[in-house]
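Worksheet for the structure shown next.
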Amino acid sequence: MANLLSIGKSGLLAAQVGLSTTGHNIANANVPGYSRQALVQQAGLAQNVGSGFIGSGTEVVQVKRYYDNFLAAQLRSAQSTNSMLNAYSAQISQVDNMLADPAAGLSPALQDFFEGVQDVAADPSLSASRQALVSGSESLAVRFQSLSARLTEIGDGADAQIGTDVDAINSYAQQIAKLNESIGSLGAGGNNLPNDLLDQRDLLVTELNKYVKATVVAGGNNSLTVSIGTGQPLVVGKQSFQLALSASPGDQAKGAISYVSGNTRTVLPDSTFTGGELGGLIDFRSGALERVQSSLGRVAIGLAIAFNNQHKLGVDLSGALGGDFFNVAKADVTAGVNTGNAAMTAVVTNPSQLKESDYSMKFAGGNFVVTRLSDGNTNSYSQLPQVIDGVTFSIKTGTPVEGDSYTIKPTLNGASEFGVSQAILNDRSKIAAAAPLVGSAQANNTGSAKIGELGVDRAYLDAPLAASLTLTYDKTSNSLSGFPTDQAVTVTDSAGEDVIYPAGSAVTYNAGDKISFGGIHLAFSGTPVNGDKFSIGKNDGGVGDSRNAALLAALQTKNIFSDATETLQGAYAATVSFVGNKTREVQINAAASASLLTQVTKSQQAVSGVNLDEEAANLLRYQQAYQAAGKVMQIASTLFDVLLTLGR
């Protein structure tokens with residue numbers, strides 16, 4: 001009787017545990033991260049009674065947690081990738097919407113500005129045209145500055161979110177470490193593990209992967225070791241490590257993420273973070289955002305330099321040579337943790353050679369080692385100044401010492417510091433619309449020859465024409481005389497061949513040949529007669545002259561970037577195209593990763609998720625088992641009573 005009663009009791013207890021486990025599953029069916037549990041039973045040890053072995057009932061071996069490590073790892077990886085792409089997409093979509101806006105983009109402002117230049121070229125004497133150009137210039141400057149400010153605002157938002165993500169990562173690391181400790185203390189008895197705590201810990205690890213890609217390895221005493229990046233441990237047993245925000249050693253102005261170990265902080269490179277929201281934000285900040293800022297600055301600096309260079313080759317209403325029309329931004333130079341006192345400067349001097357890249361410079365072995373960060377190209381120079389990719393690098397003051405380093409961003413501030421010069425704002429008559437020289441055939445000439453083309457280049461600014469020149473044609477030698485006695489003359493024929501005449505010598509006349517000396521370029525047309533004279537002099541009254549304004553207007557379609565193969569609009573369009581294509585690429589990848597995450601989640605839930613229909617069936621099964629075990633105990637009690645009756 002005792003054995004039968006014990007068998008019934010074991011069945012009753014097992015059914016009771018089964019009912020509790022099933023009820024627990026049902027109660028937590030909608031709890032995130034919960035893994036369904038099931039009762040694992042085995043037959044009790046049978047007893048040898050001589051004639052055979054008689055069973056002793058059942059025992060509960062384990063409350064099993066349905067969990068698949070492989071599927072869990074897949075889920076974490078898919079979650080990390082999806083969070084990274086979503087974060088990147090959210091950020092770059094802001095840039096795309098800004099640049100693609102037909103009203104807020106740069107293209108309308110550029111078009112309005114050059115229309116103002118064309119209006120001045122059409123009537124340089126009209127004060128209203130000059131004022132319209134000044135207004136259009138100010139509007140263009142405001143557009144550059146507002147676009148730059150918006151990009152900076154987007155970057156600041158990304159930086160703030162990075163700080164929030166670092167705090168979240170640190171919090172998750174601490175919680176996982178605490179759960180490691182609790183699970184280790186409660187789960188020391190073999191299969192008897194605290195399933196609910198395991199679920200909480202795995203949920204925290206999955207949530208952690210929303211912020212940063214984490215690698216999980218099982219450790220001793222049922223703990224998990226969690227690491228990030230290139231193997232930096234975040235959680236080891238019951239100990240957690242922290243991340244912190246700090247300045248980058250190579251760029252003090254740029255925020256970086258440090259790994260904290262005791263009192264030591266080690267700055268981690270951006271490439272460490274390849275997944276999660278943090279990885280997406282860092283990739284956007286150091287990739288697309290900096291490229292767009294530099295590209296926009298490149299357009300602004302290229303426009304300012306090209307326009308200034310041409311403006312200086314003209315004269316204003318008073319006959320004075322033009323000055324700077326726009327302010328040109330200086331390169332952003334940030335010193336590292338240096339021990340020397342050298343102040344390094346960088347100035348963009350040739351937009352045609354300018355690259356969409358930042359640079360690092362290090363003083364090592366007595367040389368200046370300059371690395372172009374976009375492709376890693378490195379060159380070493382024994383001294384400065386040096387012109388590299390259209391940027392002049394020089395030491396302004398001080399002396400560098402071994403190990404000193406600098407980060408140079410030539411175009412970072414190009415758009416934010418773009419502006420109209422104060423001289424133009426104060427006096428619109430300073431607009432140099434006229435050419436600096438005028439040329440004419442004297443009134444008493446009898447031939448048909450005349451000066452058909454007359455212009456200057458930048459070399460003219462070094463030694464402007466001090467007095468008028470009179471060129472005289474000699475029929476016998478078919479030559480022109482009267483050129484400056486201190487300058488050689490170069491003549492380029494229609495085939496592009498150059499002939500150089502010594503200073504003070506006569507020059508052979510051929511209609512259409514281009515004659516150059518002292519930065520002055522001219523060409524003749526027609527046929528001269530012996531003794532014909534031609535005058536070249538300073539343009540002191542260029543009120544109605546718009547030759548330089550026409551050249552300024554031509555800059556709209558002139559190739560001034562990429563080794564003279566790309567226009568202003570082309571350079572800006574390339575930036576817009578890059579952002580648009582990148583946005584679309586990330587959006588497509590994000591949609592694909594979301595689909596993959598859904599599939600992996602379904603696969604994981606097929607193993608670990610609670611099926612309420614199945615649990616309802618289990619309730620009935622354990623209820624019947626409970627009732628049957630109770631019946632066994634009732635029968636054992638009845639038989640025991642019969643035995644007692646027989647003994648009376």
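Labeling convention for the structure tokens: chains A, B, ... as they appear, residues from 1 per chain, ligands from 1 in order of appearance.
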Enumerate, in order of chain and increasing residue number, the residues of stretch 334-412 of chain A with an atom no farther than 12 Å from stretch 285-302 of chain A, each with its shortest atom pair and distance in Å to one decimal, counting only C-alpha atoms, as a tab-separated table.
residue	atom	partner	partner_atom	distance
A:Val347	CA	A:Ile301	CA	10.4
A:Val348	CA	A:Ile301	CA	7.8
A:Thr349	CA	A:Gly302	CA	9.3
A:Asn350	CA	A:Gly302	CA	8.1
A:Pro351	CA	A:Gly302	CA	5.1
A:Ser352	CA	A:Gly302	CA	7.9
A:Gln353	CA	A:Gly302	CA	10.3
A:Leu354	CA	A:Arg298	CA	7.7
A:Lys355	CA	A:Arg298	CA	8.4
A:Glu356	CA	A:Ser295	CA	6.2
A:Ser357	CA	A:Ser294	CA	7.4
A:Asp358	CA	A:Ser294	CA	8.4
A:Leu373	CA	A:Ser286	CA	11.4
A:Ser374	CA	A:Arg291	CA	9.8
A:Gly390	CA	A:Gly302	CA	10.8
A:Val391	CA	A:Ile301	CA	11.6
A:Ile408	CA	A:Ser294	CA	11.6
A:Lys409	CA	A:Ser294	CA	7.9
A:Pro410	CA	A:Ser294	CA	7.9
A:Thr411	CA	A:Gly297	CA	4.7
A:Leu412	CA	A:Ser294	CA	4.9
May I have the selected residues written with N, CA, C and O atoms, as a PDB file, in the first residue's frame?
ATOM      1  N   VAL A 347      46.090  76.629 -46.698  1.00  0.00           N
ATOM      2  CA  VAL A 347      45.282  77.545 -47.505  1.00  0.00           C
ATOM      3  C   VAL A 347      45.032  76.910 -48.860  1.00  0.00           C
ATOM      4  O   VAL A 347      45.966  76.422 -49.512  1.00  0.00           O
ATOM      5  N   VAL A 348      43.762  76.886 -49.289  1.00  0.00           N
ATOM      6  CA  VAL A 348      43.430  76.382 -50.620  1.00  0.00           C
ATOM      7  C   VAL A 348      43.866  77.422 -51.645  1.00  0.00           C
ATOM      8  O   VAL A 348      43.465  78.580 -51.579  1.00  0.00           O
ATOM      9  N   THR A 349      44.708  77.021 -52.584  1.00  0.00           N
ATOM     10  CA  THR A 349      45.214  77.942 -53.601  1.00  0.00           C
ATOM     11  C   THR A 349      44.806  77.557 -55.010  1.00  0.00           C
ATOM     12  O   THR A 349      44.832  78.401 -55.909  1.00  0.00           O
ATOM     13  N   ASN A 350      44.433  76.285 -55.217  1.00  0.00           N
ATOM     14  CA  ASN A 350      44.065  75.844 -56.562  1.00  0.00           C
ATOM     15  C   ASN A 350      42.868  74.903 -56.484  1.00  0.00           C
ATOM     16  O   ASN A 350      43.029  73.703 -56.251  1.00  0.00           O
ATOM     17  N   PRO A 351      41.652  75.426 -56.684  1.00  0.00           N
ATOM     18  CA  PRO A 351      40.452  74.574 -56.593  1.00  0.00           C
ATOM     19  C   PRO A 351      40.446  73.432 -57.593  1.00  0.00           C
ATOM     20  O   PRO A 351      39.835  72.395 -57.349  1.00  0.00           O
ATOM     21  N   SER A 352      41.127  73.602 -58.722  1.00  0.00           N
ATOM     22  CA  SER A 352      41.129  72.564 -59.747  1.00  0.00           C
ATOM     23  C   SER A 352      41.759  71.276 -59.245  1.00  0.00           C
ATOM     24  O   SER A 352      41.368  70.180 -59.649  1.00  0.00           O
ATOM     25  N   GLN A 353      42.745  71.387 -58.365  1.00  0.00           N
ATOM     26  CA  GLN A 353      43.434  70.213 -57.848  1.00  0.00           C
ATOM     27  C   GLN A 353      42.874  69.747 -56.506  1.00  0.00           C
ATOM     28  O   GLN A 353      43.330  68.746 -55.956  1.00  0.00           O
ATOM     29  N   LEU A 354      41.904  70.445 -55.982  1.00  0.00           N
ATOM     30  CA  LEU A 354      41.368  70.154 -54.656  1.00  0.00           C
ATOM     31  C   LEU A 354      40.644  68.813 -54.638  1.00  0.00           C
ATOM     32  O   LEU A 354      39.824  68.519 -55.503  1.00  0.00           O
ATOM     33  N   LYS A 355      40.958  67.988 -53.640  1.00  0.00           N
ATOM     34  CA  LYS A 355      40.331  66.682 -53.476  1.00  0.00           C
ATOM     35  C   LYS A 355      39.272  66.739 -52.376  1.00  0.00           C
ATOM     36  O   LYS A 355      39.323  67.589 -51.496  1.00  0.00           O
ATOM     37  N   GLU A 356      38.332  65.811 -52.458  1.00  0.00           N
ATOM     38  CA  GLU A 356      37.329  65.697 -51.398  1.00  0.00           C
ATOM     39  C   GLU A 356      37.907  64.812 -50.296  1.00  0.00           C
ATOM     40  O   GLU A 356      37.535  63.661 -50.122  1.00  0.00           O
ATOM     41  N   SER A 357      38.836  65.386 -49.548  1.00  0.00           N
ATOM     42  CA  SER A 357      39.516  64.593 -48.538  1.00  0.00           C
ATOM     43  C   SER A 357      40.064  65.491 -47.441  1.00  0.00           C
ATOM     44  O   SER A 357      40.345  66.672 -47.656  1.00  0.00           O
ATOM     45  N   ASP A 358      40.238  64.902 -46.253  1.00  0.00           N
ATOM     46  CA  ASP A 358      40.976  65.525 -45.174  1.00  0.00           C
ATOM     47  C   ASP A 358      42.378  64.931 -45.152  1.00  0.00           C
ATOM     48  O   ASP A 358      42.665  63.942 -45.834  1.00  0.00           O
ATOM     49  N   LEU A 373      43.565  61.168 -46.223  1.00  0.00           N
ATOM     50  CA  LEU A 373      42.755  60.196 -45.493  1.00  0.00           C
ATOM     51  C   LEU A 373      41.756  59.466 -46.371  1.00  0.00           C
ATOM     52  O   LEU A 373      41.307  58.376 -46.011  1.00  0.00           O
ATOM     53  N   SER A 374      41.386  60.031 -47.505  1.00  0.00           N
ATOM     54  CA  SER A 374      40.380  59.381 -48.353  1.00  0.00           C
ATOM     55  C   SER A 374      40.894  58.093 -48.978  1.00  0.00           C
ATOM     56  O   SER A 374      40.129  57.161 -49.209  1.00  0.00           O
ATOM     57  N   GLY A 390      46.420  71.116 -54.331  1.00  0.00           N
ATOM     58  CA  GLY A 390      45.868  72.467 -54.391  1.00  0.00           C
ATOM     59  C   GLY A 390      45.792  73.184 -53.066  1.00  0.00           C
ATOM     60  O   GLY A 390      45.221  74.272 -52.985  1.00  0.00           O
ATOM     61  N   VAL A 391      46.385  72.604 -52.009  1.00  0.00           N
ATOM     62  CA  VAL A 391      46.383  73.207 -50.679  1.00  0.00           C
ATOM     63  C   VAL A 391      47.827  73.484 -50.272  1.00  0.00           C
ATOM     64  O   VAL A 391      48.677  72.589 -50.343  1.00  0.00           O
ATOM     65  N   ILE A 408      44.067  68.152 -40.854  1.00  0.00           N
ATOM     66  CA  ILE A 408      43.753  69.290 -41.721  1.00  0.00           C
ATOM     67  C   ILE A 408      42.507  68.972 -42.541  1.00  0.00           C
ATOM     68  O   ILE A 408      42.451  67.950 -43.226  1.00  0.00           O
ATOM     69  N   LYS A 409      41.522  69.848 -42.430  1.00  0.00           N
ATOM     70  CA  LYS A 409      40.285  69.716 -43.201  1.00  0.00           C
ATOM     71  C   LYS A 409      40.151  70.976 -44.067  1.00  0.00           C
ATOM     72  O   LYS A 409      39.623  71.993 -43.608  1.00  0.00           O
ATOM     73  N   PRO A 410      40.635  70.917 -45.316  1.00  0.00           N
ATOM     74  CA  PRO A 410      40.725  72.127 -46.142  1.00  0.00           C
ATOM     75  C   PRO A 410      39.394  72.805 -46.426  1.00  0.00           C
ATOM     76  O   PRO A 410      39.328  74.027 -46.546  1.00  0.00           O
ATOM     77  N   THR A 411      38.311  72.026 -46.549  1.00  0.00           N
ATOM     78  CA  THR A 411      37.046  72.615 -46.991  1.00  0.00           C
ATOM     79  C   THR A 411      35.936  72.541 -45.953  1.00  0.00           C
ATOM     80  O   THR A 411      34.792  72.883 -46.259  1.00  0.00           O
ATOM     81  N   LEU A 412      36.257  72.103 -44.738  1.00  0.00           N
ATOM     82  CA  LEU A 412      35.213  71.907 -43.731  1.00  0.00           C
ATOM     83  C   LEU A 412      34.428  73.181 -43.462  1.00  0.00           C
ATOM     84  O   LEU A 412      33.202  73.172 -43.331  1.00  0.00           O
TER      85      LEU A 412
END
9 Å contact set for A:Leu568, only C-alpha atoms, chain neighbours under 6 positions out, as a JSON list (two decimals) with N, CA and C atoms, in the first residue's frame:
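Below is the file that was written, selection01.json:
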[["chain", "number", "residue", "atom", "x", "y", "z"],
["A", 110, "LEU", "N", 22.56, 79.70, -56.67],
["A", 110, "LEU", "CA", 23.62, 79.87, -57.67],
["A", 110, "LEU", "C", 23.07, 80.48, -58.95],
["A", 299, "VAL", "N", 32.75, 73.44, -53.02],
["A", 299, "VAL", "CA", 32.04, 74.28, -53.99],
["A", 299, "VAL", "C", 32.15, 75.75, -53.60],
["A", 300, "ALA", "N", 31.95, 76.04, -52.30],
["A", 300, "ALA", "CA", 32.01, 77.42, -51.84],
["A", 300, "ALA", "C", 33.40, 78.02, -52.03],
["A", 302, "GLY", "N", 35.80, 76.93, -54.05],
["A", 302, "GLY", "CA", 36.12, 77.00, -55.48],
["A", 302, "GLY", "C", 35.47, 78.20, -56.14],
["A", 303, "LEU", "N", 34.20, 78.45, -55.81],
["A", 303, "LEU", "CA", 33.51, 79.61, -56.36],
["A", 303, "LEU", "C", 34.17, 80.90, -55.90],
["A", 555, "LEU", "N", 31.97, 82.01, -65.57],
["A", 555, "LEU", "CA", 32.41, 81.05, -64.55],
["A", 555, "LEU", "C", 31.32, 80.05, -64.20],
["A", 556, "GLN", "N", 30.07, 80.40, -64.49],
["A", 556, "GLN", "CA", 28.96, 79.49, -64.18],
["A", 556, "GLN", "C", 29.12, 78.16, -64.92],
["A", 557, "THR", "N", 29.65, 78.21, -66.11],
["A", 557, "THR", "CA", 29.80, 77.00, -66.92],
["A", 557, "THR", "C", 31.26, 76.61, -67.14],
["A", 558, "LYS", "N", 32.17, 77.28, -66.46],
["A", 558, "LYS", "CA", 33.59, 76.98, -66.63],
["A", 558, "LYS", "C", 33.99, 75.81, -65.75],
["A", 559, "ASN", "N", 34.84, 74.95, -66.27],
["A", 559, "ASN", "CA", 35.34, 73.81, -65.50],
["A", 559, "ASN", "C", 36.44, 74.28, -64.56],
["A", 560, "ILE", "N", 36.13, 74.33, -63.28],
["A", 560, "ILE", "CA", 37.11, 74.84, -62.31],
["A", 560, "ILE", "C", 37.49, 73.79, -61.27],
["A", 561, "PHE", "N", 36.87, 72.61, -61.32],
["A", 561, "PHE", "CA", 37.19, 71.55, -60.37],
["A", 561, "PHE", "C", 37.73, 70.33, -61.10]]
Enumerate the residues of stretch 412-644 of chain A with a DSSP assignment of alpha helix (DSSP H), computed from the backbone, and present them as a ChimeraX atom specification.
/A:422-426,547-554,568-608,612-644
Hey, what's within 12 Å of A:Val226 if we count only C-alpha atoms and toss same-chain stuff fewer than 2 positions away? As a ChimeraX atom specification, please?
/A:169,172-174,176-177,180,201-202,204-206,208-209,212-219,223-224,228-241
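Neighbouring residues of A:Thr583 at 9 Å or closer, counting only C-alpha atoms and skipping chain neighbours under 3 positions away, are A:Tyr88, A:Ser89, A:Ile92, A:Ser93, A:Val95, A:Asp96, A:Phe578, A:Val579, A:Gly580, A:Val586, A:Gln587, A:Ile588.
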For A:Pro269, find every residue with an atom within 10 Å (counting only C-alpha atoms), except residues of its own chain fewer than 6 positions away, and show them as a short mmCIF file (atom, residue, chain, number, x, y, z; two decimals) with C-alpha atoms, in the first residue's frame.
data_model
loop_
_atom_site.label_atom_id
_atom_site.label_comp_id
_atom_site.auth_asym_id
_atom_site.auth_seq_id
_atom_site.Cartn_x
_atom_site.Cartn_y
_atom_site.Cartn_z
CA GLY A 229 34.53 45.73 -31.53
CA SER A 248 40.09 62.07 -30.48
CA ALA A 256 35.52 59.75 -29.90
CA ILE A 257 34.57 56.73 -27.80
CA SER A 258 37.02 55.40 -25.22
#
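We find atom CA of A:Ile388 and atom CA of A:Ala364 to be spaced 18.3 Å apart.
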Give the strand (DSSP E) residues of stretch 325-555 of chain A, as DSSP finds them on the backbone, and put them as a PyMOL selection string.
chain A and resi 326-327+332-335+343-348+359-364+367-372+377-381+386-388+391-397+405-409+419-420+437-441+450-456+469-474+479-481+489-492+498-501+507-508+514-517+520-525+533-538
Report as number ranges by chain all protein, DNA and RNA residues lying within 6 Å of stretch 117-133 of chain A, evaluated on only C-alpha atoms, omitting residues in the same chain fewer than 2 positions from it.
A: 114-115, 135-136, 543-544, 546, 549-550, 553
Could you take the residues named above and write them with N, CA, C and O atoms, as a tab-separated table (two decimals), in the first residue's frame?
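What follows is the written file selection32.tsv:
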chain	number	residue	atom	x	y	z
A	114	PHE	N	24.23	84.19	-60.56
A	114	PHE	CA	24.82	84.39	-61.88
A	114	PHE	C	23.90	85.19	-62.80
A	114	PHE	O	24.37	85.85	-63.73
A	115	GLU	N	22.60	85.14	-62.56
A	115	GLU	CA	21.70	86.03	-63.30
A	115	GLU	C	22.01	87.49	-62.97
A	115	GLU	O	21.96	88.37	-63.84
A	135	SER	N	22.86	91.96	-53.75
A	135	SER	CA	21.79	91.25	-53.02
A	135	SER	C	21.83	89.76	-53.32
A	135	SER	O	21.68	88.92	-52.41
A	136	GLY	N	22.03	89.41	-54.60
A	136	GLY	CA	22.12	87.99	-54.96
A	136	GLY	C	23.32	87.32	-54.33
A	136	GLY	O	23.26	86.15	-53.94
A	543	VAL	N	32.98	102.86	-67.40
A	543	VAL	CA	31.61	102.87	-66.89
A	543	VAL	C	30.71	101.94	-67.70
A	543	VAL	O	29.88	101.21	-67.15
A	544	GLY	N	30.89	101.97	-68.98
A	544	GLY	CA	30.04	101.13	-69.82
A	544	GLY	C	30.72	99.86	-70.29
A	544	GLY	O	30.19	99.18	-71.17
A	546	SER	N	31.86	96.08	-69.92
A	546	SER	CA	31.40	94.90	-69.18
A	546	SER	C	32.19	93.65	-69.55
A	546	SER	O	31.72	92.54	-69.35
A	549	ALA	N	32.90	91.56	-66.52
A	549	ALA	CA	31.64	91.00	-66.02
A	549	ALA	C	31.21	89.80	-66.85
A	549	ALA	O	30.68	88.81	-66.32
A	550	ALA	N	31.46	89.88	-68.16
A	550	ALA	CA	31.12	88.74	-69.03
A	550	ALA	C	31.97	87.52	-68.67
A	550	ALA	O	31.49	86.38	-68.67
A	553	ALA	N	30.59	86.07	-65.50
A	553	ALA	CA	29.37	85.30	-65.77
A	553	ALA	C	29.71	83.94	-66.38
A	553	ALA	O	29.01	82.95	-66.14
